[in-house]
>>> print(open('input-v7.csv').read())   # CSV, C-alpha atoms and all ligand atoms
chain,number,residue,atom,x,y,z
C,105,MET,CA,-96.6,81.4,150.7
C,106,ALA,CA,-93.6,80.2,148.6
C,107,ILE,CA,-90.8,82.7,149.0
C,108,PRO,CA,-89.4,83.9,145.6
C,109,ALA,CA,-85.7,84.5,145.0
C,110,ARG,CA,-86.2,88.3,145.5
C,111,PRO,CA,-89.2,88.6,147.9
C,112,GLY,CA,-91.3,91.7,147.8
C,113,CYS,CA,-91.1,94.5,150.4
C,114,TYR,CA,-93.1,97.6,151.3
C,115,GLU,CA,-91.3,100.5,152.9
C,116,PHE,CA,-93.5,102.8,155.0
C,117,PHE,CA,-92.4,106.2,156.3
C,118,ALA,CA,-89.6,105.7,153.8
C,119,GLY,CA,-87.9,109.1,154.1
C,120,GLY,CA,-84.8,109.1,151.8
C,121,GLY,CA,-85.1,105.3,151.4
C,122,MET,CA,-82.2,104.3,153.7
C,123,ALA,CA,-84.0,101.2,155.0
C,124,GLY,CA,-84.4,100.0,151.4
C,125,LEU,CA,-80.7,100.4,150.7
C,126,GLY,CA,-80.0,97.8,153.4
C,127,LEU,CA,-82.8,95.5,152.2
C,128,GLU,CA,-80.9,94.6,149.0
C,129,ARG,CA,-82.2,91.1,149.0
C,130,PHE,CA,-85.8,92.4,148.6
C,131,GLU,CA,-87.6,94.0,145.7
C,132,ARG,CA,-89.4,97.2,146.7
C,133,LEU,CA,-93.0,97.0,145.6
C,134,PHE,CA,-94.2,100.1,147.4
C,135,ALA,CA,-92.8,103.1,149.5
C,136,ASN,CA,-94.6,106.1,150.9
C,137,ASP,CA,-93.8,109.3,152.8
C,138,LEU,CA,-95.5,112.6,153.4
C,139,ASP,CA,-92.8,115.1,153.3
C,140,PRO,CA,-92.0,116.7,149.8
C,141,MET,CA,-88.3,117.1,150.7
C,142,LYS,CA,-88.1,113.4,151.5
C,143,ILE,CA,-90.0,112.5,148.4
C,144,ALA,CA,-87.6,114.5,146.3
C,145,ALA,CA,-84.6,112.9,147.9
C,146,PHE,CA,-86.0,109.4,147.5
C,147,GLU,CA,-86.8,110.0,143.8
C,148,ALA,CA,-83.3,111.5,143.2
C,149,ASN,CA,-81.8,108.2,144.4
C,150,HIS,CA,-84.3,105.6,143.3
C,151,GLY,CA,-86.0,107.2,140.3
C,152,ALA,CA,-89.1,109.3,139.6
C,153,GLY,CA,-92.3,107.7,140.7
C,154,SER,CA,-90.5,105.2,143.0
C,155,ILE,CA,-92.3,106.5,146.1
C,156,ARG,CA,-95.9,107.5,146.7
C,157,ARG,CA,-96.5,110.8,148.4
C,158,ALA,CA,-99.3,110.0,150.8
C,159,ASP,CA,-100.3,110.2,154.4
C,160,VAL,CA,-100.4,106.7,155.7
C,161,TRP,CA,-104.0,107.3,156.9
C,162,ASP,CA,-105.0,107.9,153.3
C,163,LEU,CA,-103.9,104.5,152.1
C,164,THR,CA,-105.9,101.3,151.9
C,165,PRO,CA,-104.7,97.8,151.2
C,166,THR,CA,-105.8,98.2,147.5
C,167,ASP,CA,-102.9,100.8,147.2
C,168,LEU,CA,-100.4,98.1,148.0
C,169,PRO,CA,-99.5,96.0,145.0
C,170,GLY,CA,-98.8,92.2,145.1
C,171,HIS,CA,-97.8,90.3,148.2
C,172,ALA,CA,-94.9,91.6,150.3
C,173,ALA,CA,-93.0,89.1,152.3
C,174,LEU,CA,-91.5,91.9,154.4
C,175,ILE,CA,-92.9,95.2,155.5
C,176,TRP,CA,-90.5,97.8,157.0
C,177,ALA,CA,-91.9,100.8,158.9
C,178,SER,CA,-90.0,103.7,160.5
C,179,PRO,CA,-92.8,105.7,162.0
C,180,PRO,CA,-92.0,109.3,163.2
C,181,CYS,CA,-90.2,109.2,166.5
C,182,GLN,CA,-92.3,112.0,168.0
C,183,ASP,CA,-95.2,109.6,167.6
C,184,VAL,CA,-94.0,107.4,170.4
C,185,SER,CA,-97.0,108.2,172.5
C,186,LEU,CA,-99.2,105.5,171.0
C,187,ALA,CA,-101.3,103.9,173.6
C,188,GLY,CA,-104.7,105.3,174.2
C,189,HIS,CA,-104.7,106.9,170.7
C,190,ARG,CA,-105.9,103.8,169.0
C,191,VAL,CA,-108.8,104.6,166.8
C,192,GLY,CA,-111.0,102.5,164.6
C,193,LEU,CA,-111.0,102.8,160.8
C,194,ASP,CA,-113.6,105.6,161.0
C,195,GLY,CA,-112.0,107.3,163.9
C,196,ALA,CA,-110.0,110.5,164.1
C,197,ARG,CA,-106.4,110.3,162.8
C,198,SER,CA,-103.8,110.2,165.4
C,199,GLY,CA,-100.6,108.3,165.7
C,200,ALA,CA,-99.1,107.4,162.3
C,201,PHE,CA,-98.2,104.0,163.7
C,202,TRP,CA,-101.9,103.1,163.9
C,203,GLY,CA,-102.6,104.4,160.5
C,204,PHE,CA,-99.9,101.9,159.3
C,205,TRP,CA,-101.0,99.1,161.5
C,206,ARG,CA,-104.6,99.2,160.2
C,207,LEU,CA,-103.1,98.4,156.8
C,208,ILE,CA,-101.4,95.3,158.2
C,209,GLU,CA,-104.7,94.3,159.6
C,210,GLY,CA,-106.3,94.8,156.2
C,211,LEU,CA,-103.7,92.7,154.5
C,212,VAL,CA,-104.2,89.9,157.1
C,213,ALA,CA,-107.9,90.0,156.4
C,214,GLU,CA,-107.2,89.7,152.7
C,215,GLU,CA,-104.9,86.8,153.2
C,216,ARG,CA,-102.0,88.9,152.0
C,217,ALA,CA,-100.3,89.1,155.4
C,218,PRO,CA,-96.6,89.8,155.2
C,219,SER,CA,-94.5,87.1,156.8
C,220,VAL,CA,-92.3,89.6,158.6
C,221,VAL,CA,-92.9,93.2,159.8
C,222,VAL,CA,-90.2,95.4,161.2
C,223,ILE,CA,-90.8,98.6,163.2
C,224,GLU,CA,-87.8,100.8,163.7
C,225,ASN,CA,-87.9,103.6,166.3
C,226,VAL,CA,-86.0,105.4,169.0
C,227,MET,CA,-85.2,103.6,172.3
C,228,GLY,CA,-87.7,105.9,174.0
C,229,LEU,CA,-90.5,103.7,172.6
C,230,LEU,CA,-89.7,101.1,175.2
C,231,SER,CA,-90.5,103.3,178.1
C,232,SER,CA,-92.8,106.0,176.7
C,233,ASN,CA,-96.1,106.2,178.5
C,234,GLY,CA,-94.8,103.9,181.2
C,235,GLY,CA,-94.0,101.2,178.7
C,236,GLU,CA,-97.6,101.0,177.5
C,237,ASP,CA,-96.8,102.1,174.0
C,238,PHE,CA,-94.4,99.1,173.5
C,239,ARG,CA,-96.9,96.8,175.1
C,240,ALA,CA,-99.7,98.1,172.8
C,241,ILE,CA,-97.6,97.4,169.7
C,242,GLY,CA,-96.9,93.9,171.0
C,243,ARG,CA,-100.5,93.3,171.7
C,244,ALA,CA,-101.5,94.5,168.2
C,245,MET,CA,-98.9,92.1,166.7
C,246,VAL,CA,-100.1,89.2,168.7
C,247,GLU,CA,-103.8,89.9,167.8
C,248,ALA,CA,-102.8,90.0,164.1
C,249,GLY,CA,-101.3,86.5,164.5
C,250,TYR,CA,-97.6,87.3,164.8
C,251,ARG,CA,-94.8,86.1,167.1
C,252,TRP,CA,-92.7,89.1,168.1
C,253,GLY,CA,-89.4,90.1,169.6
C,254,ALA,CA,-87.2,93.2,169.8
C,255,LEU,CA,-83.6,94.2,169.5
C,256,GLU,CA,-81.5,97.2,170.5
C,257,LEU,CA,-78.9,97.8,167.8
C,258,ASP,CA,-76.4,100.6,167.9
C,259,ALA,CA,-75.1,101.8,164.6
C,260,ALA,CA,-71.7,102.2,166.3
C,261,ASP,CA,-71.1,98.5,165.9
C,262,TRP,CA,-70.9,99.0,162.1
C,263,THR,CA,-70.3,102.7,161.4
C,264,PRO,CA,-68.6,105.4,163.6
C,265,GLN,CA,-71.8,106.9,164.9
C,266,SER,CA,-73.4,106.3,168.3
C,267,ARG,CA,-77.0,105.6,167.3
C,268,PRO,CA,-78.9,103.1,169.5
C,269,ARG,CA,-82.2,102.2,167.9
C,270,LEU,CA,-85.1,99.8,168.6
C,271,PHE,CA,-86.1,97.2,166.1
C,272,ILE,CA,-89.4,95.4,166.8
C,273,VAL,CA,-89.7,92.3,164.6
C,274,ALA,CA,-92.9,90.4,164.1
C,275,ALA,CA,-93.1,87.1,162.1
C,276,ARG,CA,-95.7,84.5,161.3
C,277,ASP,CA,-95.2,80.8,161.8
C,278,PRO,CA,-93.4,78.7,160.8
C,279,LEU,CA,-90.1,80.1,162.2
C,280,ASP,CA,-88.0,77.1,161.4
C,281,GLY,CA,-84.3,77.5,161.6
C,282,VAL,CA,-84.3,80.7,163.7
C,283,ALA,CA,-82.9,80.4,167.2
C,284,ASP,CA,-85.1,81.6,170.1
C,285,LEU,CA,-82.4,82.0,172.7
C,286,ALA,CA,-82.4,84.6,175.4
C,287,LYS,CA,-78.8,85.6,174.4
C,288,GLY,CA,-77.1,87.1,171.4
C,289,HIS,CA,-76.4,90.5,169.9
C,290,GLY,CA,-79.2,93.1,170.4
C,291,LEU,CA,-80.7,91.7,173.6
C,292,SER,CA,-79.7,94.6,175.8
C,293,PRO,CA,-80.7,95.3,179.5
C,294,ARG,CA,-83.4,97.7,178.2
C,295,ILE,CA,-84.9,95.0,176.0
C,296,ARG,CA,-84.9,92.6,178.8
C,297,ALA,CA,-86.6,95.1,181.2
C,298,ALA,CA,-89.3,95.9,178.6
C,299,HIS,CA,-89.9,92.2,178.1
C,300,ALA,CA,-90.1,91.6,181.9
C,301,ALA,CA,-92.9,94.2,182.1
C,302,LEU,CA,-95.1,92.5,179.5
C,303,SER,CA,-98.4,90.8,180.4
C,304,ARG,CA,-98.5,87.1,180.1
C,305,ASP,CA,-100.8,87.0,177.0
C,306,VAL,CA,-98.4,89.3,175.1
C,307,SER,CA,-95.2,87.7,176.4
C,308,ALA,CA,-96.4,84.2,175.4
C,309,SER,CA,-95.8,85.1,171.8
C,310,TRP,CA,-92.4,86.7,172.4
C,311,ARG,CA,-89.4,85.3,170.7
C,312,TRP,CA,-85.8,86.0,171.8
C,313,TRP,CA,-84.5,86.9,168.4
C,314,SER,CA,-81.0,88.3,168.1
C,315,LEU,CA,-78.1,88.7,165.7
C,316,PRO,CA,-74.7,87.1,165.5
C,317,THR,CA,-72.0,89.2,167.1
C,318,PRO,CA,-70.9,91.7,164.4
C,319,PRO,CA,-67.2,91.7,163.4
C,320,ARG,CA,-65.2,94.5,165.0
C,321,ARG,CA,-65.7,97.8,163.3
C,322,ASN,CA,-62.6,98.9,161.5
C,323,VAL,CA,-63.5,102.5,160.6
C,324,ASP,CA,-63.4,105.3,163.1
C,325,LEU,CA,-64.6,108.9,162.9
C,326,SER,CA,-61.4,110.3,161.4
C,327,ALA,CA,-61.6,107.8,158.5
C,328,ILE,CA,-64.9,109.3,157.2
C,329,LEU,CA,-63.8,113.0,157.4
C,330,GLU,CA,-63.2,115.1,154.3
C,331,PRO,CA,-59.6,116.2,153.7
C,332,ASP,CA,-58.7,119.3,155.8
C,333,ASP,CA,-58.2,121.6,152.8
C,334,LEU,CA,-61.7,120.9,151.4
C,335,VAL,CA,-63.7,122.0,154.4
C,336,ASP,CA,-64.7,125.3,155.9
C,337,TRP,CA,-63.0,125.8,159.3
C,338,LEU,CA,-64.6,128.2,161.8
C,339,PRO,CA,-63.1,131.7,161.8
C,340,PRO,CA,-60.8,132.2,164.9
C,341,ALA,CA,-63.3,134.3,166.9
C,342,THR,CA,-66.2,131.8,166.3
C,343,GLN,CA,-63.9,128.9,167.3
C,344,GLU,CA,-62.9,130.7,170.4
C,345,ALA,CA,-66.5,131.3,171.4
C,346,LEU,CA,-67.4,127.7,170.7
C,347,LEU,CA,-64.5,126.3,172.8
C,348,ALA,CA,-65.3,128.8,175.6
C,349,LEU,CA,-68.4,126.6,176.1
C,350,LEU,CA,-66.3,123.6,177.3
C,351,SER,CA,-66.8,122.6,180.9
C,352,PRO,CA,-63.6,122.2,183.0
C,353,LEU,CA,-63.6,118.4,182.4
C,354,HIS,CA,-64.0,118.7,178.7
C,355,ARG,CA,-61.4,121.5,178.5
C,356,ARG,CA,-58.9,119.1,180.3
C,357,ARG,CA,-59.7,116.4,177.8
C,358,LEU,CA,-59.2,118.7,174.9
C,359,GLU,CA,-55.9,119.9,176.4
C,360,ALA,CA,-54.7,116.3,176.8
C,361,ALA,CA,-55.6,115.6,173.2
C,362,ARG,CA,-53.7,118.7,172.1
C,363,THR,CA,-50.7,117.6,174.1
C,364,ALA,CA,-50.9,114.1,172.5
C,365,SER,CA,-51.0,115.7,169.1
C,366,LEU,CA,-47.7,117.5,169.7
C,367,ALA,CA,-46.2,114.0,169.6
C,368,GLY,CA,-47.5,113.6,166.1
C,369,ARG,CA,-50.7,111.8,166.9
C,370,ARG,CA,-53.6,113.8,165.3
C,371,GLN,CA,-56.6,113.7,167.5
C,372,VAL,CA,-60.2,114.1,166.4
C,373,ALA,CA,-63.3,114.8,168.5
C,374,ALA,CA,-67.0,115.2,167.7
C,375,GLY,CA,-69.2,117.3,169.9
C,376,TYR,CA,-72.6,118.9,170.4
C,377,ARG,CA,-73.7,122.0,172.2
C,378,ARG,CA,-76.1,121.0,175.0
C,379,VAL,CA,-77.9,122.9,177.7
C,380,ARG,CA,-77.0,121.7,181.1
C,381,ILE,CA,-78.0,122.7,184.6
C,382,GLU,CA,-75.1,123.9,186.7
C,383,GLN,CA,-75.4,125.6,190.0
C,384,GLY,CA,-79.1,125.9,189.6
C,385,GLY,CA,-79.0,127.7,186.3
C,386,LYS,CA,-79.1,126.7,182.6
C,387,ILE,CA,-75.8,126.9,180.8
C,388,GLN,CA,-74.8,126.0,177.3
C,389,ARG,CA,-71.9,123.6,177.0
C,390,LEU,CA,-69.9,122.1,174.2
C,391,GLU,CA,-69.4,118.4,175.0
C,392,LEU,CA,-66.6,116.6,173.1
C,393,ARG,CA,-66.0,112.9,172.7
C,394,PHE,CA,-62.7,111.4,171.7
C,395,ASP,CA,-63.7,107.7,171.4
C,396,GLY,CA,-63.6,107.6,167.6
C,397,LEU,CA,-67.3,108.0,167.3
C,398,ALA,CA,-69.6,110.8,166.3
C,399,GLY,CA,-72.7,111.5,168.4
C,400,CYS,CA,-76.1,110.5,167.2
C,401,LEU,CA,-77.2,112.6,164.2
C,402,ARG,CA,-80.2,114.6,165.2
C,403,THR,CA,-83.1,116.3,163.6
C,404,ALA,CA,-84.0,118.8,166.3
C,405,ALA,CA,-84.6,122.3,164.9
C,406,GLY,CA,-82.1,125.0,165.7
C,407,GLY,CA,-78.4,125.4,165.7
C,408,SER,CA,-77.8,123.0,168.6
C,409,SER,CA,-78.6,120.0,166.4
C,410,ARG,CA,-75.5,120.5,164.3
C,411,GLN,CA,-72.5,118.5,165.3
C,412,PHE,CA,-68.9,119.9,165.5
C,413,ILE,CA,-65.6,118.4,164.6
C,414,VAL,CA,-62.6,119.5,166.6
C,415,VAL,CA,-59.1,118.5,165.3
C,416,CYS,CA,-55.8,118.7,167.3
C,417,ASP,CA,-52.9,118.5,164.9
C,418,GLN,CA,-49.3,119.1,166.1
C,419,GLY,CA,-50.6,121.2,169.0
C,420,GLU,CA,-52.9,123.3,166.8
C,421,LEU,CA,-56.7,123.3,167.3
C,422,ARG,CA,-59.3,123.8,164.6
C,423,ALA,CA,-63.0,123.4,164.7
C,424,ARG,CA,-65.8,123.2,162.1
C,425,ARG,CA,-69.2,121.8,161.5
C,426,LEU,CA,-69.7,118.2,160.4
C,427,SER,CA,-70.6,118.4,156.7
C,428,PRO,CA,-73.7,116.7,155.2
C,429,ARG,CA,-71.5,114.3,153.2
C,430,GLU,CA,-69.7,113.2,156.3
C,431,ALA,CA,-73.0,112.8,158.0
C,432,ALA,CA,-74.2,110.6,155.1
C,433,ARG,CA,-71.1,108.5,155.5
C,434,LEU,CA,-71.9,108.1,159.2
C,435,MET,CA,-75.3,106.6,158.0
C,436,GLY,CA,-73.4,104.2,155.8
C,437,LEU,CA,-74.5,105.9,152.6
C,438,PRO,CA,-72.2,105.7,149.5
C,439,ASP,CA,-70.7,108.9,148.3
C,440,ASP,CA,-72.8,108.9,145.1
C,441,TRP,CA,-76.0,109.0,147.2
C,442,VAL,CA,-77.7,112.3,146.2
C,443,LEU,CA,-78.3,114.6,149.1
C,444,PRO,CA,-80.8,117.5,149.2
C,445,ARG,CA,-79.0,120.7,148.1
C,446,GLY,CA,-79.6,122.7,151.3
C,447,GLU,CA,-77.5,121.8,154.4
C,448,THR,CA,-80.5,122.0,156.7
C,449,ALA,CA,-82.6,119.7,154.6
C,450,ALA,CA,-79.7,117.3,154.1
C,451,MET,CA,-79.1,117.1,157.9
C,452,LYS,CA,-82.8,116.6,158.6
C,453,LEU,CA,-83.0,113.8,156.1
C,454,LEU,CA,-80.0,112.1,157.5
C,455,GLY,CA,-80.9,112.6,161.2
C,456,ASP,CA,-84.3,111.0,160.5
C,457,GLY,CA,-82.9,108.1,158.8
C,458,VAL,CA,-81.8,104.6,159.7
C,459,ALA,CA,-78.2,103.5,159.4
C,460,VAL,CA,-77.9,101.3,156.3
C,461,PRO,CA,-75.3,98.8,157.7
C,462,VAL,CA,-77.6,98.1,160.6
C,463,VAL,CA,-80.5,97.3,158.3
C,464,ARG,CA,-78.2,95.1,156.2
C,465,ALA,CA,-77.0,93.2,159.3
C,466,LEU,CA,-80.6,92.8,160.6
C,467,SER,CA,-81.7,91.5,157.2
C,468,GLU,CA,-78.9,89.0,156.8
C,469,GLY,CA,-78.8,87.9,160.5
C,470,LEU,CA,-82.6,87.7,161.2
C,471,LEU,CA,-85.1,88.7,158.5
C,472,GLU,CA,-83.8,86.5,155.7
C,473,PRO,CA,-83.5,83.5,158.0
C,474,LEU,CA,-87.0,84.2,159.3
C,475,LEU,CA,-88.2,84.0,155.6
C,476,GLY,CA,-86.2,80.9,155.0
C,477,ILE,CA,-83.8,82.6,152.6
C,478,ALA,CA,-80.4,81.2,152.7
C,479,ALA,CA,-77.4,83.4,153.5
C,480,ARG,CA,-76.0,84.8,150.3
C,481,ARG,CA,-73.2,87.3,150.8
C,482,VAL,CA,-69.8,85.9,150.1
C,483,ALA,CA,-67.5,89.0,149.8
K,1,LIG,C1,-88.1,108.5,161.3
K,1,LIG,S1,-88.5,109.1,159.6
K,1,LIG,C2,-88.1,107.6,158.7
K,1,LIG,C3,-86.9,107.9,157.7
K,1,LIG,C4,-86.5,106.7,156.9
K,1,LIG,N1,-86.4,105.5,157.7
K,1,LIG,C5,-85.2,107.0,156.2
K,1,LIG,O1,-84.3,106.1,156.2
K,1,LIG,O2,-85.0,108.0,155.7
K,1,LIG,C6,-90.2,109.1,159.6
K,1,LIG,C7,-90.8,109.5,158.3
K,1,LIG,O3,-92.2,109.4,158.4
K,1,LIG,C8,-92.8,110.5,157.6
K,1,LIG,N2,-94.2,110.6,158.1
K,1,LIG,C9,-94.6,111.2,159.2
K,1,LIG,N3,-95.9,111.1,159.3
K,1,LIG,C10,-96.4,110.5,158.2
K,1,LIG,C11,-97.7,110.0,157.8
K,1,LIG,N4,-98.8,110.3,158.5
K,1,LIG,N5,-97.8,109.4,156.6
K,1,LIG,C12,-96.7,109.1,155.9
K,1,LIG,N6,-95.4,109.5,156.3
K,1,LIG,C13,-95.3,110.2,157.4
K,1,LIG,C14,-91.9,111.7,157.8
K,1,LIG,O4,-91.9,112.6,156.7
K,1,LIG,C15,-90.5,111.0,157.9
K,1,LIG,O5,-89.8,111.0,156.7
>>> encode(input="input-v7.csv", output="structure tokens")
Amino acid sequence: MAIPARPGCYEFFAGGGMAGLGLERFERLFANDLDPMKIAAFEANHGAGSIRRADVWDLTPTDLPGHAALIWASPPCQDVSLAGHRVGLDGARSGAFWGFWRLIEGLVAEERAPSVVVIENVMGLLSSNGGEDFRAIGRAMVEAGYRWGALELDAADWTPQSRPRLFIVAARDPLDGVADLAKGHGLSPRIRAAHAALSRDVSASWRWWSLPTPPRRNVDLSAILEPDDLVDWLPPATQEALLALLSPLHRRRLEAARTASLAGRRQVAAGYRRVRIEQGGKIQRLELRFDGLAGCLRTAAGGSSRQFIVVCDQGELRARRLSPREAARLMGLPDDWVLPRGETAAMKLLGDGVAVPVVRALSEGLLEPLLGIAARRVA
């Protein structure tokens, strides 16, 4: 198929539409999600009617307009147990991935196969079910006529959030002009180990795709925070109770940061509460990091999924929750991006999302070259 200047793209499991924001070079022909909150957020940012509210299992290829050169899918992470759940078109519904993949198979049968398919997921997909889930996806890609490879990309290389994620990329021949070298950015030890465990028939179609090394990130956590006077700090008693959860090691780190701040160097940490086993019993701990990064935004239910910010300024300590707008910045979203009104909904949307700068880097460094689109960005 001749690739138009702005090739078409479908976005499955689109959530708030963060993948699409990074795929600026593509024209979105279709997007779907199931969750009314996600649909509302997507429409608030992309316009009414821009996304179809549908279970992927309810879609057929006739619902998919035109011919997409690229299909992006971010299936739900809790769906990582995929192998053994494969069902035929008439079978019971299980595993949203397979509901999606049968659409790819339908498009291939109709000679509307996308040239490139991307699956984004948590790193756990490499090892879930003893690695069989990853192998099952690879096998499905090979059976549908694709070459495939995978990258581990951490959002921390582009934005101050630690967020390693798996990107499985399938592409149809020809693959002119894209290097197949077992080196490059994204080929982590975990990817190599998963590749080593592939059977020969599936690994024969493997391609060592990677990205150019990204430029050094020049923004750290403190740069994305709101001004101190615009945020709600925890009341003293709540702050004291929170800091009482620090382990001796983290308490020493905080004390060192407080001392450094006395010399005029403001120190910022991000932290989560986590349940740890100590002396045979469960104990809740606050774990802080002072490396200029936030921890991975999460979607787990309950208070422990909220991240805290602790600031040491001239020897004074203050703590608060990370705000939804700050979390949006950690995902690489612009400040005019419309968030759901409720904090819980906003944090769920963001925690489920894909970091926009990572999608952009993947698009420019691999997807566009795979499609034979010349590099475009100048500034
Ligand atoms: C990991 S999130 C992807 C978020 C998206 N990448 C973003 O940037 O916001 C997975 C999404 O799949 C949706 N989902 C789960 N099961 C689904 C199904 N059977 N059909 C359609 N969407 C589904 C969820 O509502 C959720 O928004």
>>> residues_around(input="input-v7.csv", residues="Asp284 (chain C)", least_positions_apart="4", cutoff="12 Å", atoms="only C-alpha atoms", output="VMD selection string")
chain C and resid 251 to 254 279 to 280 288 291 309 to 315 470 474
>>> closest_residue(input="input-v7.csv", among="C:Asp261, C:Arg445, C:Gly120, C:Ala286", to="Gly151 (chain C)", atoms="all atoms listed in the file")
C:Gly120
>>> closest_atom_pairs(input="input-v7.csv", of="chain C", to="ligand LIG 1 (chain K)", cutoff="6 Å", atoms="all atoms listed in the file", output="tab-separated table")
residue	atom	partner	partner_atom	distance
C:Phe117	CA	K:LIG1	O3	3.8
C:Ala118	CA	K:LIG1	C4	4.5
C:Gly119	CA	K:LIG1	O2	3.5
C:Gly120	CA	K:LIG1	O2	4.1
C:Gly121	CA	K:LIG1	O1	4.9
C:Met122	CA	K:LIG1	O1	3.7
C:Ala123	CA	K:LIG1	O1	5.1
C:Asp137	CA	K:LIG1	N6	3.9
C:Leu138	CA	K:LIG1	N6	4.2
C:Asp139	CA	K:LIG1	O4	4.3
C:Lys142	CA	K:LIG1	O5	6.0
C:Ala158	CA	K:LIG1	C12	5.8
C:Asp159	CA	K:LIG1	N5	3.4
C:Val160	CA	K:LIG1	N5	3.9
C:Ser178	CA	K:LIG1	C2	4.7
C:Pro179	CA	K:LIG1	C6	4.9
C:Pro180	CA	K:LIG1	C6	4.0
C:Cys181	CA	K:LIG1	C1	5.7
C:Ala200	CA	K:LIG1	N4	4.8
C:Asp456	CA	K:LIG1	C1	4.6
C:Gly457	CA	K:LIG1	O1	3.6
C:Val458	CA	K:LIG1	O1	4.6
>>> residues_around(input="input-v7.csv", residues="region 419-431 of chain C", least_positions_apart="5", cutoff="8 Å", atoms="all atoms listed in the file", output="PyMOL selection string")
chain C and resi 328-330+336-338+343+362-366+401+410-414+439+443+447+450-451+454
>>> residues_around(input="input-v7.csv", residues="Arg156 (chain C)", least_positions_apart="5", cutoff="8 Å", atoms="only C-alpha atoms", output="number ranges by chain")
C: 134-137, 143
>>> write_last_selection(input="input-v7.csv", atoms="C-alpha atoms", output="short mmCIF file (atom, residue, chain, number, x, y, z; two decimals), in the coordinates of the input")
data_model
loop_
_atom_site.label_atom_id
_atom_site.label_comp_id
_atom_site.auth_asym_id
_atom_site.auth_seq_id
_atom_site.Cartn_x
_atom_site.Cartn_y
_atom_site.Cartn_z
CA PHE C 134 -94.20 100.10 147.40
CA ALA C 135 -92.80 103.10 149.50
CA ASN C 136 -94.60 106.10 150.90
CA ASP C 137 -93.80 109.30 152.80
CA ILE C 143 -90.00 112.50 148.40
#
>>> atom_distance(input="input-v7.csv", atom1="CA of Ala260 (chain C)", atom2="CA of Arg433 (chain C)")
12.5 Å
>>> residues_around(input="input-v7.csv", residues="region 268-278 of chain C", least_positions_apart="5", cutoff="9 Å", atoms="all atoms listed in the file", output="count of residues only")
38
>>> closest_residue(input="input-v7.csv", among="C:Gly384, C:Gly203, C:Gly290, C:Gly170", to="Val462 (chain C)", atoms="only C-alpha atoms")
C:Gly290
>>> atom_distance(input="input-v7.csv", atom1="CA of Ala327 (chain C)", atom2="CA of Leu125 (chain C)")
21.9 Å
>>> closest_residue(input="input-v7.csv", among="C:Gly235, C:Pro339, C:Pro319, C:Gly112", to="His171 (chain C)", atoms="only C-alpha atoms")
C:Gly112
>>> closest_residue(input="input-v7.csv", among="C:Arg377, C:Lys287, C:Arg239, C:Arg157", to="Val306 (chain C)", atoms="only C-alpha atoms")
C:Arg239
>>> closest_residue(input="input-v7.csv", among="C:Ala308, C:Val212, C:Ala152, C:Ala145", to="Arg243 (chain C)", atoms="only C-alpha atoms")
C:Ala308
>>> atom_distance(input="input-v7.csv", atom1="CA of Gly399 (chain C)", atom2="CA of Ala374 (chain C)")
6.8 Å
>>> residues_near_point(input="input-v7.csv", point="(-67.7, 104.2, 158.7)", cutoff="9 Å", atoms="all atoms listed in the file", output="NGL selection string")
:C and (260 or 262-265 or 321-325 or 327-328 or 433-436)
>>> residues_around(input="input-v7.csv", residues="Arg389 (chain C)", least_positions_apart="3", cutoff="12 Å", atoms="only C-alpha atoms", output="JSON, numbers by chain")
{"C": [345, 346, 347, 348, 349, 350, 351, 352, 353, 354, 355, 375, 376, 377, 378, 379, 380, 381, 382, 386, 392, 408]}
